[in-house]
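Have a look at the structure below before the remarks.
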Amino acid sequence: MDKKSFFAYIRSKTKCKVQAGPVLDHSGNLSVTEIDMVTAFNDYFVSVFTSEDTSSIPTAVTMNPGCSLSDICFSEQGVLKCLTKLWTDKATGADEISPRLQLQIKDCISYPLYILFRKSLDDGFVPADWKCAKVTPVYKKGSKNKVDNYRPVSLSSQICKIFESIIRDSVVHYLEVNALILDSQHGFRKDGLVCLTCPIFSIQ
């Protein structure tokens, strides 16, 4: 039984959903129409966005060429396994393809997605829909009329997230196998080591 989905459903039935707006814009005027509220939220979220400084990126340490991660190898079965783990209560991204639908047709789309992922890696190209996200304002606390009392949540493509998870697991697998992560680095890591014989991917 999927406990997370169950409790998410219970929360959705017991809590009152907070509707965003109307909100005050940067001039102090109350925005009532949808386009005005979207503009007000967009102006605020853009103003607090942190732009990373890419002018002074440190040089990567040269590693043993025989111990490099030259490619990420995965299979159709690996993609199918990732599709099987989808949470059906997750929101859709800009492509409007729900995880519930993907889970129901997983046997039909695992091979096409495998071809798509492989093509994306080989060509170094990512579909435009994967770069887009639906930004939803989530109320935190305080006055509901102030945009700074909301935080943005980006809803991206579930298909892209599957692809990202395959790449992430492969990179983490490589780092663990080659002991490139110190034991003191325990944050943002799964409990235990990655299985050295994981069937989803291999290292080349």
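Residue numbering restarts at 1 for every chain of the structure tokens, chains are lettered A, B, ... in their displayed order, and ligands are numbered from 1 as they appear.
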
| query | Please, which residues of stretch 37-109 of chain A, numbered as in this document, come out helix (DSSP H, G or I) from DSSP, as number ranges by chain? | reply | A: 37-47, 65-67, 76-84, 99-104, 106-109

Which residues are near A:Lys140? Cut-off 10 Å, only C-alpha atoms, ignore same chain within fewer than 5 positions. Put them as a tab-separated table (two decimals) with N, CA and C atoms, in the first residue's frame.
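That gives us selection.tsv:
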chain	number	residue	atom	x	y	z
A	18	VAL	N	-6.10	26.92	0.44
A	18	VAL	CA	-6.01	28.37	0.43
A	18	VAL	C	-5.90	28.85	-1.01
A	148	ASP	N	4.66	38.54	-0.80
A	148	ASP	CA	5.84	38.00	-0.11
A	148	ASP	C	5.48	36.99	0.97
A	149	ASN	N	4.19	36.72	1.14
A	149	ASN	CA	3.76	35.67	2.07
A	149	ASN	C	3.47	34.36	1.33
A	150	TYR	N	3.93	34.29	0.09
A	150	TYR	CA	3.79	33.08	-0.72
A	150	TYR	C	5.17	32.63	-1.19
A	151	ARG	N	5.31	31.35	-1.41
A	151	ARG	CA	6.54	30.80	-1.97
A	151	ARG	C	6.21	30.09	-3.28

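The gap separating atom CA of A:Lys134 from atom CA of A:Ser154 is 5.6 Å, in Å to one decimal.
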
Identify, on the basis of only C-alpha atoms, every residue whose closest approach to stretch 33-43 of chain A does not exceed 8 Å; exclude the query and any residue fewer than 5 positions from it along the same chain; express the result as a compact mmCIF listing (two decimals) with C-alpha atoms, in the first residue's frame.
# COMPACT_ATOMS: atom_id res chain seq x y z
CA GLY A 21 -5.30 36.41 -4.15
CA PRO A 22 -6.39 39.03 -4.50
CA VAL A 23 -2.92 40.45 -3.82
CA LEU A 24 -1.22 43.82 -3.72
CA ASP A 25 1.13 44.69 -6.58
CA HIS A 26 4.41 46.61 -6.25
CA PRO A 137 2.24 30.22 -5.40
CA VAL A 147 2.85 38.36 -2.44

Per residue of stretch 93-167 of chain A within 12 Å of stretch 71-87 of chain A, note the shortest atom pair and the distance in Å to one decimal, counting only C-alpha atoms, and order the rows by chain and increasing residue number, as a Markdown table.
| residue | atom | partner | partner_atom | distance |
| --- | --- | --- | --- | --- |
| A:Ser98 | CA | A:Trp87 | CA | 9.9 |
| A:Pro99 | CA | A:Leu86 | CA | 6.3 |
| A:Arg100 | CA | A:Trp87 | CA | 7.5 |
| A:Leu101 | CA | A:Leu86 | CA | 10.1 |
| A:Gln102 | CA | A:Leu83 | CA | 7.0 |
| A:Leu103 | CA | A:Leu83 | CA | 6.0 |
| A:Gln104 | CA | A:Thr84 | CA | 9.1 |
| A:Ile105 | CA | A:Leu83 | CA | 9.3 |
| A:Lys106 | CA | A:Leu83 | CA | 6.1 |
| A:Asp107 | CA | A:Leu80 | CA | 7.0 |
| A:Cys108 | CA | A:Leu80 | CA | 9.5 |
| A:Ile109 | CA | A:Leu80 | CA | 8.4 |
| A:Ser110 | CA | A:Leu80 | CA | 5.2 |
| A:Tyr111 | CA | A:Glu76 | CA | 5.5 |
| A:Pro112 | CA | A:Glu76 | CA | 8.7 |
| A:Leu113 | CA | A:Val79 | CA | 7.4 |
| A:Tyr114 | CA | A:Glu76 | CA | 5.5 |
| A:Ile115 | CA | A:Glu76 | CA | 8.4 |
| A:Leu116 | CA | A:Glu76 | CA | 10.9 |
| A:Phe117 | CA | A:Val79 | CA | 9.3 |
| A:Arg118 | CA | A:Phe74 | CA | 8.5 |
| A:Ser120 | CA | A:Ile72 | CA | 11.6 |
| A:Leu121 | CA | A:Ile72 | CA | 8.3 |
| A:Asp122 | CA | A:Asp71 | CA | 9.1 |
| A:Gly124 | CA | A:Asp71 | CA | 11.9 |
| A:Gln158 | CA | A:Leu86 | CA | 8.6 |
| A:Ile159 | CA | A:Leu83 | CA | 8.9 |
| A:Cys160 | CA | A:Leu83 | CA | 11.6 |
| A:Lys161 | CA | A:Cys82 | CA | 9.9 |
| A:Ile162 | CA | A:Cys82 | CA | 6.5 |
| A:Phe163 | CA | A:Val79 | CA | 8.3 |
| A:Glu164 | CA | A:Cys82 | CA | 10.7 |
| A:Ser165 | CA | A:Cys82 | CA | 8.2 |
| A:Ile166 | CA | A:Phe74 | CA | 7.8 |
| A:Ile167 | CA | A:Ile72 | CA | 7.0 |

| task | Find the residues around A:Ser156 up to 9 Å (only C-alpha atoms counted), leave out those fewer than 6 positions away in its own chain, and share them as a count of residues only. | result | 12

| message | Let's see if you can do this: from backbone DSSP, list all strand (DSSP E) residues in stretch 2-194 of chain A, as a list in words. | response | Val23, Leu24, Leu30, Ser31, Ile72, Cys73, Phe74, Ala133, Lys134, Val135, Thr136, Pro137, Val138, Tyr139, Tyr150, Arg151, Pro152, Val153, Ser154, Leu155 and Ser156 of chain A

Could you write out the selected residues, including C-alpha atoms, as a PDB file, in the first residue's frame?
ATOM      1  CA  VAL A  23      -2.923  40.450  -3.816  1.00  0.00           C
ATOM      2  CA  LEU A  24      -1.223  43.818  -3.720  1.00  0.00           C
ATOM      3  CA  LEU A  30      -5.098  45.417  -5.166  1.00  0.00           C
ATOM      4  CA  SER A  31      -4.896  42.955  -8.062  1.00  0.00           C
ATOM      5  CA  ILE A  72      25.387   6.418 -18.705  1.00  0.00           C
ATOM      6  CA  CYS A  73      24.059   3.040 -19.758  1.00  0.00           C
ATOM      7  CA  PHE A  74      20.519   1.979 -18.939  1.00  0.00           C
ATOM      8  CA  ALA A 133       7.519  24.444 -15.441  1.00  0.00           C
ATOM      9  CA  LYS A 134       4.220  25.595 -14.042  1.00  0.00           C
ATOM     10  CA  VAL A 135       4.930  27.912 -11.092  1.00  0.00           C
ATOM     11  CA  THR A 136       2.295  27.799  -8.360  1.00  0.00           C
ATOM     12  CA  PRO A 137       2.242  30.224  -5.401  1.00  0.00           C
ATOM     13  CA  VAL A 138       1.882  28.411  -2.074  1.00  0.00           C
ATOM     14  CA  TYR A 139       0.674  30.406   0.930  1.00  0.00           C
ATOM     15  CA  TYR A 150       3.787  33.085  -0.716  1.00  0.00           C
ATOM     16  CA  ARG A 151       6.544  30.805  -1.973  1.00  0.00           C
ATOM     17  CA  PRO A 152       6.830  29.478  -5.534  1.00  0.00           C
ATOM     18  CA  VAL A 153       6.635  25.769  -6.338  1.00  0.00           C
ATOM     19  CA  SER A 154       7.758  24.656  -9.807  1.00  0.00           C
ATOM     20  CA  LEU A 155       5.857  21.744 -11.330  1.00  0.00           C
ATOM     21  CA  SER A 156       8.008  20.194 -14.056  1.00  0.00           C
TER      22      SER A 156
END
